[in-house]
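Below is the file data-v6.cif, which contains mmCIF, C-alpha atoms and all ligand atoms.
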```cif
data_start
loop_
_atom_site.label_atom_id
_atom_site.label_comp_id
_atom_site.auth_asym_id
_atom_site.auth_seq_id
_atom_site.Cartn_x
_atom_site.Cartn_y
_atom_site.Cartn_z
CA MET A 9 77.35 94.50 -53.44
CA ASP A 10 73.70 93.60 -53.02
CA ALA A 11 72.27 96.79 -51.55
CA GLY A 12 68.96 95.12 -50.83
CA SER A 13 70.57 92.93 -48.21
CA LEU A 14 72.12 95.83 -46.31
CA ALA A 15 70.20 97.27 -43.37
CA VAL A 16 70.52 100.79 -44.84
CA ASN A 17 70.71 101.03 -48.65
CA GLU A 18 72.66 104.28 -48.50
CA ARG A 19 75.61 102.29 -47.18
CA GLU A 20 76.02 100.51 -50.50
CA LYS A 21 78.36 103.20 -51.86
CA SER A 22 80.80 102.77 -48.98
CA ILE A 23 81.36 99.03 -49.50
CA ILE A 24 83.15 97.37 -52.41
CA VAL A 25 84.42 93.90 -53.20
CA LYS A 26 87.76 93.99 -54.98
CA GLY A 27 87.50 92.74 -58.54
CA LYS A 28 83.68 92.79 -58.57
CA GLN A 29 83.02 96.54 -58.81
CA LYS A 30 84.82 99.28 -60.63
CA LYS A 31 83.13 102.07 -58.65
CA GLN A 32 85.04 104.31 -56.25
CA LEU A 33 84.38 103.77 -52.57
CA VAL A 34 82.67 106.75 -50.89
CA CYS A 35 84.50 107.74 -47.69
CA ASP A 36 85.31 110.73 -45.46
CA THR A 37 81.64 111.71 -45.26
CA ASP A 38 79.19 111.91 -42.37
CA SER A 39 77.70 108.62 -41.20
CA ALA A 40 74.43 107.47 -42.76
CA ALA A 41 71.42 108.24 -40.58
CA GLY A 42 69.95 105.11 -39.02
CA CYS A 43 73.27 103.25 -38.80
CA VAL A 44 74.94 102.52 -35.51
CA SER A 45 78.33 103.61 -36.79
CA GLN A 46 81.45 102.22 -35.11
CA ARG A 47 82.96 105.72 -35.38
CA ALA A 48 83.70 107.76 -32.29
CA CYS A 49 82.28 111.29 -31.94
CA VAL A 50 83.91 114.65 -32.72
CA TYR A 51 84.85 115.27 -29.08
CA CYS A 52 86.35 111.78 -28.76
CA GLY A 53 88.43 112.38 -31.91
CA ALA A 54 89.87 115.54 -30.35
CA ARG A 55 90.39 113.93 -26.97
CA VAL A 56 92.36 110.94 -28.24
CA VAL A 57 94.77 113.26 -30.03
CA LEU A 58 95.34 115.65 -27.11
CA ASN A 59 95.02 113.30 -24.15
CA PRO A 60 98.70 112.17 -24.19
CA VAL A 61 99.89 115.76 -23.48
CA THR A 62 101.03 114.76 -20.04
CA ASP A 63 101.12 118.00 -18.03
CA ALA A 64 97.93 119.47 -19.51
CA LEU A 65 94.76 119.62 -17.50
CA HIS A 66 92.01 118.12 -19.67
CA LEU A 67 88.67 119.67 -18.76
CA VAL A 68 85.53 118.43 -20.50
CA HIS A 69 82.74 120.99 -20.64
CA GLY A 70 79.66 118.82 -20.81
CA PRO A 71 77.66 116.12 -19.03
CA ILE A 72 79.66 113.71 -16.90
CA GLY A 73 79.18 110.86 -19.41
CA CYS A 74 81.44 112.52 -22.03
CA ALA A 75 84.31 112.66 -19.53
CA SER A 76 83.84 109.18 -18.13
CA TYR A 77 83.62 107.65 -21.63
CA THR A 78 87.08 109.03 -22.45
CA TRP A 79 88.75 108.77 -19.03
CA ASP A 80 92.37 107.61 -19.45
CA ILE A 81 91.37 106.63 -22.97
CA ARG A 82 94.86 105.88 -24.25
CA GLY A 83 97.52 103.47 -23.07
CA SER A 84 99.98 106.38 -23.40
CA LEU A 85 102.97 106.37 -21.09
CA SER A 86 104.60 109.43 -19.55
CA SER A 87 108.18 110.11 -18.49
CA GLY A 88 106.96 112.90 -16.20
CA SER A 89 103.58 114.28 -15.17
CA GLU A 90 100.59 111.98 -14.70
CA LEU A 91 98.03 114.78 -14.74
CA TYR A 92 96.73 113.71 -18.18
CA ARG A 93 95.41 110.47 -16.70
CA SER A 94 92.67 112.31 -14.83
CA SER A 95 89.50 113.41 -16.55
CA PHE A 96 87.88 116.61 -15.27
CA SER A 97 84.33 117.61 -16.10
CA THR A 98 81.99 120.55 -15.51
CA ASP A 99 79.23 117.94 -15.08
CA LEU A 100 76.55 120.06 -16.79
CA GLN A 101 73.08 119.57 -15.34
CA GLU A 102 69.59 120.51 -16.51
CA GLU A 103 69.75 123.95 -14.92
CA ASP A 104 73.10 124.69 -16.67
CA ILE A 105 71.62 123.63 -19.99
CA ILE A 106 68.73 126.07 -19.51
CA PHE A 107 70.63 129.04 -18.08
CA GLY A 108 74.07 128.44 -19.65
CA GLY A 109 77.24 126.83 -18.33
CA GLU A 110 79.82 129.60 -18.75
CA LYS A 111 79.99 130.62 -15.08
CA LYS A 112 80.29 127.00 -14.01
CA LEU A 113 83.11 126.50 -16.51
CA ALA A 114 85.00 129.57 -15.27
CA ARG A 115 84.63 128.34 -11.65
CA ALA A 116 85.86 124.86 -12.62
CA ILE A 117 88.96 126.25 -14.34
CA ASP A 118 89.78 128.46 -11.32
CA GLU A 119 89.38 125.61 -8.86
CA LEU A 120 91.41 123.11 -10.91
CA VAL A 121 94.23 125.52 -11.72
CA LEU A 122 94.62 126.43 -8.04
CA LYS A 123 94.69 122.76 -7.11
CA HIS A 124 96.93 121.33 -9.86
CA HIS A 125 98.99 124.31 -11.15
CA PRO A 126 99.10 123.10 -14.79
CA PRO A 127 101.00 125.13 -17.41
CA LEU A 128 98.23 124.40 -19.89
CA VAL A 129 94.49 123.68 -19.85
CA PHE A 130 92.52 122.18 -22.74
CA VAL A 131 88.79 122.85 -22.47
CA TYR A 132 86.79 120.50 -24.67
CA SER A 133 83.41 121.39 -26.06
CA THR A 134 80.83 118.57 -26.26
CA CYS A 135 77.51 118.09 -28.08
CA ILE A 136 75.35 119.95 -25.61
CA VAL A 137 77.70 122.94 -25.50
CA GLY A 138 77.27 123.27 -29.27
CA VAL A 139 73.50 123.30 -28.67
CA ILE A 140 73.37 125.86 -25.85
CA GLY A 141 76.10 128.04 -27.39
CA ASP A 142 78.40 128.69 -24.41
CA ASP A 143 81.22 131.02 -25.48
CA LEU A 144 84.26 128.85 -24.75
CA GLU A 145 86.58 131.28 -26.47
CA ALA A 146 85.65 134.14 -24.12
CA VAL A 147 85.71 132.03 -20.95
CA CYS A 148 89.13 130.54 -21.82
CA LYS A 149 90.59 133.93 -22.74
CA ALA A 150 89.52 135.46 -19.43
CA ALA A 151 90.82 132.44 -17.47
CA ALA A 152 94.18 132.58 -19.30
CA GLN A 153 94.54 136.22 -18.24
CA ARG A 154 93.50 135.51 -14.63
CA HIS A 155 96.00 132.68 -14.21
CA ASN A 156 98.68 133.72 -16.71
CA ILE A 157 98.78 130.28 -18.35
CA GLN A 158 97.53 128.89 -21.66
CA VAL A 159 93.83 127.95 -21.54
CA ILE A 160 92.89 126.63 -24.97
CA PRO A 161 89.34 125.90 -26.12
CA VAL A 162 88.99 122.75 -28.21
CA GLN A 163 86.05 123.30 -30.55
CA SER A 164 84.85 119.71 -30.63
CA SER A 165 81.11 119.93 -30.10
CA GLY A 166 78.97 117.35 -31.87
CA PHE A 167 77.11 118.14 -35.09
CA ILE A 168 80.14 119.85 -36.70
CA GLY A 169 81.06 116.65 -38.53
CA ASN A 170 82.53 113.27 -37.69
CA LYS A 171 85.58 112.00 -35.80
CA SER A 172 87.88 113.62 -38.40
CA ALA A 173 86.50 117.04 -37.43
CA GLY A 174 87.63 116.24 -33.88
CA TYR A 175 91.14 115.50 -35.15
CA ARG A 176 91.17 118.90 -36.87
CA ALA A 177 89.90 120.63 -33.72
CA ALA A 178 92.77 119.05 -31.75
CA CYS A 179 95.33 120.08 -34.39
CA ASN A 180 93.99 123.64 -34.31
CA ALA A 181 94.42 123.67 -30.52
CA LEU A 182 98.05 122.52 -30.96
CA LEU A 183 98.65 125.20 -33.59
CA ARG A 184 97.40 127.87 -31.18
CA LEU A 185 99.91 126.61 -28.66
CA MET A 186 102.80 126.90 -31.12
CA GLY A 187 101.73 130.33 -32.37
CA PRO A 188 101.70 131.65 -35.94
CA GLU A 189 105.33 132.80 -36.26
CA PRO A 190 108.15 130.64 -37.68
CA THR A 191 111.13 130.35 -35.37
CA PRO A 192 114.35 132.06 -36.47
CA THR A 193 116.48 129.03 -35.53
CA ARG A 194 116.16 125.47 -36.82
CA ASN A 195 117.81 122.44 -35.29
CA LEU A 196 119.45 120.34 -37.99
CA ASN A 197 118.88 116.59 -37.70
CA SER A 198 115.89 117.30 -35.50
CA ILE A 199 112.55 115.63 -36.14
CA ASN A 200 109.00 116.08 -34.90
CA TYR A 201 107.22 112.76 -34.79
CA LEU A 202 103.51 113.28 -35.53
CA GLY A 203 100.81 110.69 -34.88
CA ASP A 204 102.43 108.52 -32.23
CA PHE A 205 100.70 108.52 -28.87
CA ASN A 206 103.35 106.57 -26.97
CA LEU A 207 101.06 103.61 -26.39
CA ALA A 208 103.00 101.22 -24.18
CA GLY A 209 106.13 103.31 -24.88
CA GLU A 210 106.04 103.02 -28.70
CA ALA A 211 107.33 106.57 -29.26
CA TRP A 212 110.35 105.71 -27.08
CA ILE A 213 111.12 102.66 -29.27
CA ILE A 214 111.11 104.78 -32.45
CA SER A 215 113.03 107.67 -30.83
CA ASN A 216 115.69 105.14 -29.88
CA TYR A 217 116.01 103.98 -33.53
CA LEU A 218 116.29 107.58 -34.71
CA ARG A 219 118.93 108.32 -32.08
CA GLN A 220 120.97 105.37 -33.33
CA MET A 221 120.74 106.86 -36.82
CA GLY A 222 122.19 110.15 -35.54
CA LEU A 223 118.86 112.02 -35.40
CA GLU A 224 117.00 113.57 -32.52
CA VAL A 225 113.26 113.69 -31.81
CA ASN A 226 112.35 117.28 -30.97
CA VAL A 227 108.79 116.48 -29.86
CA THR A 228 106.27 113.71 -30.44
CA PHE A 229 102.69 114.71 -31.20
CA THR A 230 101.41 113.92 -28.78
CA GLY A 231 102.85 110.88 -26.98
CA ASP A 232 104.74 111.84 -23.80
CA SER A 233 104.68 115.52 -24.83
CA ARG A 234 104.60 118.49 -22.48
CA TYR A 235 103.75 122.15 -22.79
CA GLU A 236 107.42 123.13 -22.88
CA THR A 237 108.30 120.68 -25.65
CA LEU A 238 105.23 121.36 -27.78
CA ILE A 239 105.87 125.10 -28.03
CA LYS A 240 109.36 124.34 -29.39
CA ALA A 241 108.01 122.16 -32.23
CA PRO A 242 108.60 124.81 -34.95
CA ARG A 243 112.37 124.39 -34.44
CA ALA A 244 112.53 120.93 -36.06
CA SER A 245 113.79 120.49 -39.60
CA LEU A 246 111.46 117.60 -40.56
CA ASN A 247 108.04 116.29 -39.54
CA ILE A 248 107.41 112.57 -39.90
CA VAL A 249 103.74 111.61 -39.85
CA GLN A 250 102.61 108.18 -38.73
CA CYS A 251 98.89 108.46 -37.99
CA ALA A 252 98.06 110.48 -41.10
CA GLY A 253 94.31 110.46 -40.31
CA SER A 254 94.79 112.57 -37.21
CA MET A 255 97.95 114.47 -38.08
CA HIS A 256 98.06 115.09 -41.83
CA TYR A 257 96.27 118.42 -41.31
CA LEU A 258 98.80 119.51 -38.67
CA ALA A 259 101.73 118.52 -40.91
CA GLN A 260 100.30 120.55 -43.80
CA LYS A 261 99.70 123.57 -41.57
CA MET A 262 103.22 123.38 -40.12
CA ARG A 263 104.65 123.28 -43.62
CA GLU A 264 102.57 126.35 -44.51
CA LEU A 265 103.36 128.32 -41.34
CA TYR A 266 106.89 127.28 -40.44
CA GLY A 267 108.20 125.79 -43.70
CA ILE A 268 108.79 122.33 -42.15
CA PRO A 269 108.57 119.56 -44.79
CA TYR A 270 106.95 116.25 -43.88
CA LEU A 271 107.16 112.56 -44.78
CA ASN A 272 104.46 109.94 -44.28
CA VAL A 273 105.87 106.94 -42.42
CA SER A 274 104.67 103.78 -40.71
CA PHE A 275 106.47 101.76 -38.08
CA LEU A 276 104.02 98.86 -38.13
CA GLY A 277 105.60 95.65 -39.41
CA VAL A 278 109.15 94.85 -40.50
CA LEU A 279 108.69 95.98 -44.12
CA ASP A 280 107.17 99.36 -43.34
CA THR A 281 109.55 100.06 -40.45
CA THR A 282 112.55 99.37 -42.68
CA ALA A 283 111.15 101.43 -45.58
CA SER A 284 110.35 104.36 -43.25
CA LEU A 285 113.80 104.42 -41.63
CA ARG A 286 115.42 104.39 -45.09
CA MET A 287 113.15 107.20 -46.27
CA ILE A 288 114.11 109.36 -43.29
CA ALA A 289 117.83 108.63 -43.81
CA GLU A 290 117.44 109.52 -47.50
CA HIS A 291 115.85 112.85 -46.56
CA PHE A 292 118.83 113.86 -44.42
CA GLY A 293 121.19 112.47 -47.04
CA GLY A 294 124.54 112.28 -45.22
CA SER A 295 126.41 109.03 -45.77
CA GLY A 296 127.00 108.73 -41.99
CA ILE A 297 123.26 108.65 -41.31
CA LYS A 298 122.60 106.22 -44.15
CA GLN A 299 125.30 103.85 -42.95
CA LYS A 300 124.09 103.91 -39.36
CA THR A 301 120.54 103.28 -40.62
CA GLU A 302 121.59 100.22 -42.61
CA GLU A 303 123.49 98.87 -39.59
CA LEU A 304 120.44 99.36 -37.39
CA ILE A 305 118.14 97.67 -39.93
CA LYS A 306 120.50 94.69 -40.25
CA THR A 307 120.90 94.23 -36.50
CA GLU A 308 117.17 94.44 -35.85
CA THR A 309 115.97 92.31 -38.78
CA ASP A 310 118.55 89.60 -38.04
CA LYS A 311 117.08 89.48 -34.55
CA VAL A 312 113.35 89.47 -35.34
CA ILE A 313 112.87 87.70 -38.69
CA PRO A 314 113.64 84.17 -37.33
CA LEU A 315 111.17 84.79 -34.47
CA ILE A 316 108.43 85.99 -36.83
CA ASN A 317 109.04 83.08 -39.22
CA GLY A 318 108.57 80.71 -36.28
CA TYR A 319 105.00 82.00 -35.80
CA ARG A 320 104.36 82.13 -39.54
CA GLY A 321 104.54 78.34 -39.84
CA ASN A 322 101.49 77.96 -37.57
CA LEU A 323 99.48 80.80 -39.08
CA GLN A 324 99.80 80.16 -42.81
CA GLY A 325 96.41 80.13 -44.53
CA ARG A 326 94.39 81.81 -41.76
CA LYS A 327 92.11 84.71 -42.71
CA ALA A 328 91.92 88.12 -41.03
CA ALA A 329 89.29 90.86 -40.89
CA VAL A 330 90.52 94.37 -40.06
CA TYR A 331 88.51 97.33 -38.81
CA VAL A 332 90.63 100.18 -37.47
CA GLY A 333 90.56 103.96 -37.06
CA GLY A 334 92.71 105.26 -39.90
CA GLY A 335 93.96 104.28 -43.34
CA PHE A 336 97.70 104.22 -42.56
CA LYS A 337 97.22 101.44 -40.02
CA ALA A 338 94.99 99.44 -42.35
CA ILE A 339 97.58 99.64 -45.14
CA SER A 340 100.40 98.52 -42.85
CA LEU A 341 98.31 95.68 -41.43
CA ILE A 342 97.73 94.14 -44.87
CA LYS A 343 101.51 93.93 -45.34
CA GLN A 344 102.12 92.85 -41.77
CA PHE A 345 99.64 89.99 -42.05
CA ARG A 346 101.39 88.86 -45.25
CA GLU A 347 104.64 88.75 -43.27
CA ILE A 348 103.05 86.09 -41.06
CA GLY A 349 101.25 84.19 -43.84
CA ILE A 350 97.71 85.51 -43.24
CA ASP A 351 95.35 86.91 -45.91
CA VAL A 352 93.13 89.90 -45.17
CA VAL A 353 89.60 89.11 -46.39
CA MET A 354 87.74 92.16 -45.04
CA ILE A 355 89.17 95.57 -44.26
CA GLY A 356 87.74 98.94 -43.28
CA THR A 357 88.40 102.12 -41.36
CA GLN A 358 86.51 104.83 -39.48
CA THR A 359 88.25 107.81 -41.10
CA GLY A 360 90.24 106.58 -44.12
CA ARG A 361 90.77 108.96 -47.06
CA GLN A 362 90.24 108.28 -50.78
CA SER A 363 93.97 107.97 -51.54
CA GLU A 364 94.37 105.48 -48.67
CA TYR A 365 91.47 103.35 -49.91
CA GLU A 366 93.05 103.31 -53.38
CA THR A 367 96.26 101.92 -51.83
CA ILE A 368 94.24 99.39 -49.83
CA ASN A 369 92.45 98.30 -52.98
CA ASP A 370 95.75 97.86 -54.80
CA LEU A 371 97.19 95.76 -51.97
CA VAL A 372 94.35 93.34 -51.19
CA ASP A 373 93.49 90.15 -53.06
CA GLU A 374 90.50 89.75 -55.40
CA GLY A 375 87.31 89.18 -53.45
CA THR A 376 88.36 91.15 -50.36
CA VAL A 377 85.58 93.31 -48.91
CA VAL A 378 86.65 96.94 -48.39
CA LEU A 379 84.31 99.15 -46.37
CA ASP A 380 84.29 102.61 -44.80
CA ASP A 381 82.53 103.70 -41.58
CA ALA A 382 81.01 100.27 -40.95
CA ASN A 383 78.35 99.28 -38.43
CA PRO A 384 78.32 96.06 -36.35
CA SER A 385 75.86 94.23 -38.57
CA GLU A 386 78.05 94.78 -41.65
CA LEU A 387 81.19 93.66 -39.82
CA GLU A 388 79.42 90.55 -38.62
CA ARG A 389 77.97 89.72 -42.02
CA PHE A 390 81.25 90.03 -43.94
CA MET A 391 83.32 88.25 -41.31
CA VAL A 392 80.97 85.28 -41.53
CA GLU A 393 80.72 85.38 -45.33
CA LYS A 394 84.49 85.53 -45.76
CA GLY A 395 85.26 82.99 -43.03
CA ALA A 396 87.57 85.28 -41.03
CA HIS A 397 89.45 83.55 -38.20
CA LEU A 398 90.27 86.79 -36.41
CA LEU A 399 89.28 90.42 -36.21
CA VAL A 400 91.66 93.32 -35.60
CA GLY A 401 89.97 96.32 -34.05
CA GLY A 402 89.39 98.31 -30.91
CA VAL A 403 87.35 98.15 -27.77
CA LYS A 404 84.02 98.36 -29.62
CA GLU A 405 84.86 95.46 -31.95
CA ARG A 406 86.13 93.03 -29.30
CA PRO A 407 82.71 91.69 -28.15
CA LEU A 408 81.61 91.31 -31.75
CA ALA A 409 84.54 89.00 -32.54
CA TYR A 410 84.03 86.91 -29.43
CA LYS A 411 80.29 86.55 -30.08
CA LEU A 412 81.15 85.18 -33.51
CA GLY A 413 83.65 82.76 -32.02
CA ALA A 414 86.58 84.50 -33.74
CA ALA A 415 89.92 85.54 -32.27
CA PHE A 416 90.50 89.24 -31.56
CA ILE A 417 93.58 91.47 -31.75
CA ASP A 418 93.46 94.82 -29.97
CA HIS A 419 95.10 97.47 -32.16
CA ASN A 420 93.39 100.42 -30.57
CA HIS A 421 94.58 103.43 -28.61
CA ASP A 422 93.87 101.90 -25.22
CA ARG A 423 96.13 98.86 -25.56
CA LYS A 424 99.01 98.34 -23.18
CA HIS A 425 101.53 96.47 -25.34
CA PRO A 426 103.76 98.01 -28.06
CA LEU A 427 103.16 97.03 -31.69
CA SER A 428 105.54 99.55 -33.29
CA GLY A 429 108.99 98.94 -34.72
CA TYR A 430 110.82 95.64 -34.94
CA GLU A 431 110.01 94.50 -31.42
CA GLY A 432 106.39 95.49 -31.99
CA ALA A 433 106.33 93.28 -35.11
CA VAL A 434 107.37 90.28 -32.97
CA ASN A 435 104.76 91.18 -30.33
CA PHE A 436 102.12 91.34 -33.05
CA ALA A 437 103.06 87.94 -34.52
CA ARG A 438 103.12 86.42 -31.02
CA GLU A 439 99.74 87.88 -30.14
CA VAL A 440 98.14 86.68 -33.37
CA TYR A 441 99.61 83.22 -32.84
CA SER A 442 98.54 82.92 -29.20
CA THR A 443 94.96 83.99 -29.87
CA VAL A 444 94.36 82.26 -33.22
CA CYS A 445 96.00 79.00 -32.10
CA SER A 446 94.51 79.08 -28.60
CA PRO A 447 93.03 75.72 -27.50
CA VAL A 448 89.89 77.58 -26.40
CA TRP A 449 88.43 77.50 -29.93
CA LYS A 450 88.09 73.70 -29.64
CA TYR A 451 85.38 74.18 -27.04
CA LEU A 452 83.11 76.36 -29.16
CA LYS A 453 79.60 75.04 -29.69
CA ALA A 454 78.33 75.33 -33.25
S1 LIG B 1 80.33 114.75 -27.08
FE1 LIG B 1 78.29 114.05 -27.64
S2 LIG B 1 78.55 112.08 -28.74
FE2 LIG B 1 80.50 112.58 -27.67
S3 LIG B 1 80.37 111.50 -25.70
FE3 LIG B 1 79.57 113.57 -25.33
S4 LIG B 1 77.34 113.43 -25.71
FE4 LIG B 1 78.28 111.57 -26.55
#
```

Could you render the structure as structure tokens?
Amino acid sequence: MDAGSLAVNEREKSIIVKGKQKKQLVCDTDSAAGCVSQRACVYCGARVVLNPVTDALHLVHGPIGCASYTWDIRGSLSSGSELYRSSFSTDLQEEDIIFGGEKKLARAIDELVLKHHPPLVFVYSTCIVGVIGDDLEAVCKAAAQRHNIQVIPVQSSGFIGNKSAGYRAACNALLRLMGPEPTPTRNLNSINYLGDFNLAGEAWIISNYLRQMGLEVNVTFTGDSRYETLIKAPRASLNIVQCAGSMHYLAQKMRELYGIPYLNVSFLGVLDTTASLRMIAEHFGGSGIKQKTEELIKTETDKVIPLINGYRGNLQGRKAAVYVGGGFKAISLIKQFREIGIDVVMIGTQTGRQSEYETINDLVDEGTVVLDDANPSELERFMVEKGAHLLVGGVKERPLAYKLGAAFIDHNHDRKHPLSGYEGAVNFAREVYSTVCSPVWKYLKA
């Protein structure tokens, strides 16, 4: 990498080209000063993890902008309450910043609890609350006693780190909800599914597979979860972890506290879905479960492979750039693109870990650019240099792709179509085909 050509030289250590450098990519650190990082903030990291808890009241203690930025931030579906789709804020003003916002927060909790009667309130701390030092812990404790419900502070103020710190703050809030004691009874064949946010009903697709295998999902963290289901999480006999970036910490803590083992899984793409289902069946071991799993895999793959191969014929030889939140998704996407004949030429994440980048590096072809915590100018530069035909990313990357005249695939938490499991793999192939092969690209001016 030619550091001189990067806007900020410090970024050089977080970008490698496979085959050209032997150095280890630097990741999981705070963003370089002076870069407009694509990463979300600490509070946003916490909010995206907790937002799908459907019957919780989500109260943002901060200026109105923090709440509006994350309003209904996920495409998570609910089978019950819709309370989670509202964003409540204490709307801190100049006077509150000077004299403190604790009284305003206490009043807001009282008013909202009387109006909505939630069983649970999450109170999120934002940047300014970290600066003025409001005591969220004390305000939430007093409110919990007044209303006899759980009022949990989420310690997600800015300056405590990056988006990963927000994930940890959310996991700590969930751990408080479950309590420190292991449960005396365990449900055999019962699974907690960590790191699925039920975007467009994805958690329901996977729960349905597991049911067909003879297993039961105890609770999903946090897609379509409720207070009552979350507190029963320690009863499961296995945790499966999909979004490891946000939920690895929770899985480790649950193993420590409640003795629940965990497996890392991915239900993105045919290959990873099949491998994950087999891994789960292997964990439970009974021949009945294994047989049902093989039957399920055969039925589903027989159905979807001809459809995916149909799209593959039109996509062979195209090049993809990927910039997503976590490492697990990036790893699965490399394999999923191979399934449809596309090479990944640039790939990066906001919060990937060292071990995930090592796997990415093993999977990609020579010459692929791998980068952590990128900024728009880097994404633009490497997409152009590598001749990418499409970019996979989230809401912040979409305009960048279109400005470059490249196709865009939304793989973010606010999408409204399922990409998980076998049917998700077909949706993905169809979406890539319809955007990459759209006639609109003919009308681009050079
Ligand atoms: S918490 Fe801080 S960085 Fe995040 S939205 Fe609010 S002001 Fe912006």

Near-ligand residues for ligand LIG 1 (chain B), threshold 7 Å, only C-alpha atoms and all ligand atoms, as an MDAnalysis selection string: chainID A and resid 49:52 70 73:74 77 134:136 165:166

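The smallest atom-to-atom distance between A:Gly401 and any of A:Leu120, A:Gly356, A:Leu427, A:Asp370, using only C-alpha atoms, is found for A:Gly356.
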
Shortest contact to A:Phe345, candidates A:Val400, A:Glu103, A:Leu387, A:Glu302, atoms counted only C-alpha atoms, goes to A:Val400

Next item on the list: Could you give me, as a list in words, the residues within 9 Å of A:Cys251, counting only C-alpha atoms and dropping anything in the same chain fewer than 2 positions from it?
Entry: Leu202, Gly203, Asp204, Val249, Gly253, Ser254, Met255, His256, Asn272, Val273, Ser274, Gly334, Gly335, Phe336 and Lys337 of chain A

Can you list every residue of stretch 41-123 of chain A that has an atom at most 12 Å from stretch 169-185 of chain A, with its nearest atom pair and the distance in Å to one decimal, using all atoms listed in the file, ordered by chain then number, as JSON lines?
```
{"residue": "A:Ser45", "atom": "CA", "partner": "A:Asn170", "partner_atom": "CA", "distance": 10.6}
{"residue": "A:Gln46", "atom": "CA", "partner": "A:Lys171", "partner_atom": "CA", "distance": 10.6}
{"residue": "A:Arg47", "atom": "CA", "partner": "A:Lys171", "partner_atom": "CA", "distance": 6.8}
{"residue": "A:Ala48", "atom": "CA", "partner": "A:Lys171", "partner_atom": "CA", "distance": 5.8}
{"residue": "A:Cys49", "atom": "CA", "partner": "A:Lys171", "partner_atom": "CA", "distance": 5.1}
{"residue": "A:Val50", "atom": "CA", "partner": "A:Gly174", "partner_atom": "CA", "distance": 4.2}
{"residue": "A:Tyr51", "atom": "CA", "partner": "A:Gly174", "partner_atom": "CA", "distance": 5.6}
{"residue": "A:Cys52", "atom": "CA", "partner": "A:Gly174", "partner_atom": "CA", "distance": 6.9}
{"residue": "A:Gly53", "atom": "CA", "partner": "A:Gly174", "partner_atom": "CA", "distance": 4.4}
{"residue": "A:Ala54", "atom": "CA", "partner": "A:Gly174", "partner_atom": "CA", "distance": 4.2}
{"residue": "A:Arg55", "atom": "CA", "partner": "A:Ala178", "partner_atom": "CA", "distance": 7.4}
{"residue": "A:Val56", "atom": "CA", "partner": "A:Tyr175", "partner_atom": "CA", "distance": 8.4}
{"residue": "A:Val57", "atom": "CA", "partner": "A:Ala178", "partner_atom": "CA", "distance": 6.4}
{"residue": "A:Leu58", "atom": "CA", "partner": "A:Ala178", "partner_atom": "CA", "distance": 6.3}
{"residue": "A:Asn59", "atom": "CA", "partner": "A:Ala178", "partner_atom": "CA", "distance": 9.8}
{"residue": "A:Pro60", "atom": "CA", "partner": "A:Ala178", "partner_atom": "CA", "distance": 11.8}
{"residue": "A:Val61", "atom": "CA", "partner": "A:Leu182", "partner_atom": "CA", "distance": 10.2}
{"residue": "A:Ala64", "atom": "CA", "partner": "A:Leu185", "partner_atom": "CA", "distance": 11.8}
```

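Counting all atoms listed in the file, the residue from A:Arg154, A:Arg320, A:Lys149, A:Arg361 that sits nearest to A:Thr37 is A:Arg361.
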
Which polymer residues have any atom within 7 Å of an atom of stretch 233-243 of chain A, counting only C-alpha atoms, with same-chain residues fewer than 3 positions away left out, as a list in words?
-> Pro60, Val61, Thr62, Asp63, Pro127, Leu128, Leu185, Met186, Pro190, Thr191, Thr193, Arg194, Asn195, Asn200, Asn226, Val227, Thr228, Phe229, Thr230 and Tyr266 of chain A

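With all atoms listed in the file as the basis for measurement, A:Ile199 is the residue among A:Ala114, A:Ile199, A:Leu398, A:Ile339 that approaches A:Tyr270 most closely.
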
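Minimum atom-to-atom distances from A:Arg82, A:His66, A:Lys21, A:Lys111 to A:Gly209 were compared using all atoms listed in the file, and the lowest value belongs to A:Arg82.
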
Please identify all polymer residues within 12 Å of A:Gly402, counting only C-alpha atoms, omitting same-chain residues fewer than 3 positions from it, and present them as a compact mmCIF listing (two decimals) with C-alpha atoms, in the frame of the given file.
```txt
# COMPACT_ATOMS: atom_id res chain seq x y z
CA GLN A 46 81.45 102.22 -35.11
CA ARG A 47 82.96 105.72 -35.38
CA ALA A 48 83.70 107.76 -32.29
CA ILE A 81 91.37 106.63 -22.97
CA ARG A 82 94.86 105.88 -24.25
CA VAL A 330 90.52 94.37 -40.06
CA TYR A 331 88.51 97.33 -38.81
CA VAL A 332 90.63 100.18 -37.47
CA GLY A 333 90.56 103.96 -37.06
CA GLY A 334 92.71 105.26 -39.90
CA THR A 357 88.40 102.12 -41.36
CA GLN A 358 86.51 104.83 -39.48
CA LEU A 399 89.28 90.42 -36.21
CA GLU A 405 84.86 95.46 -31.95
CA ARG A 406 86.13 93.03 -29.30
CA PRO A 407 82.71 91.69 -28.15
CA LEU A 408 81.61 91.31 -31.75
CA ALA A 409 84.54 89.00 -32.54
CA PHE A 416 90.50 89.24 -31.56
CA ILE A 417 93.58 91.47 -31.75
CA ASP A 418 93.46 94.82 -29.97
CA HIS A 419 95.10 97.47 -32.16
CA ASN A 420 93.39 100.42 -30.57
CA HIS A 421 94.58 103.43 -28.61
CA ASP A 422 93.87 101.90 -25.22
CA ARG A 423 96.13 98.86 -25.56
```

Produce stretch 222-229 of chain A of the given structure as output with C-alpha atoms, as a compact mmCIF listing (two decimals), in the first residue's frame.
```txt
# COMPACT_ATOMS: atom_id res chain seq x y z
CA GLY A 222 -36.43 -31.37 16.24
CA LEU A 223 -34.98 -28.36 18.08
CA GLU A 224 -36.65 -25.37 19.66
CA VAL A 225 -35.53 -21.73 19.76
CA ASN A 226 -35.80 -20.53 23.35
CA VAL A 227 -35.14 -16.86 22.54
CA THR A 228 -33.50 -14.90 19.74
CA PHE A 229 -31.15 -12.09 20.70
```
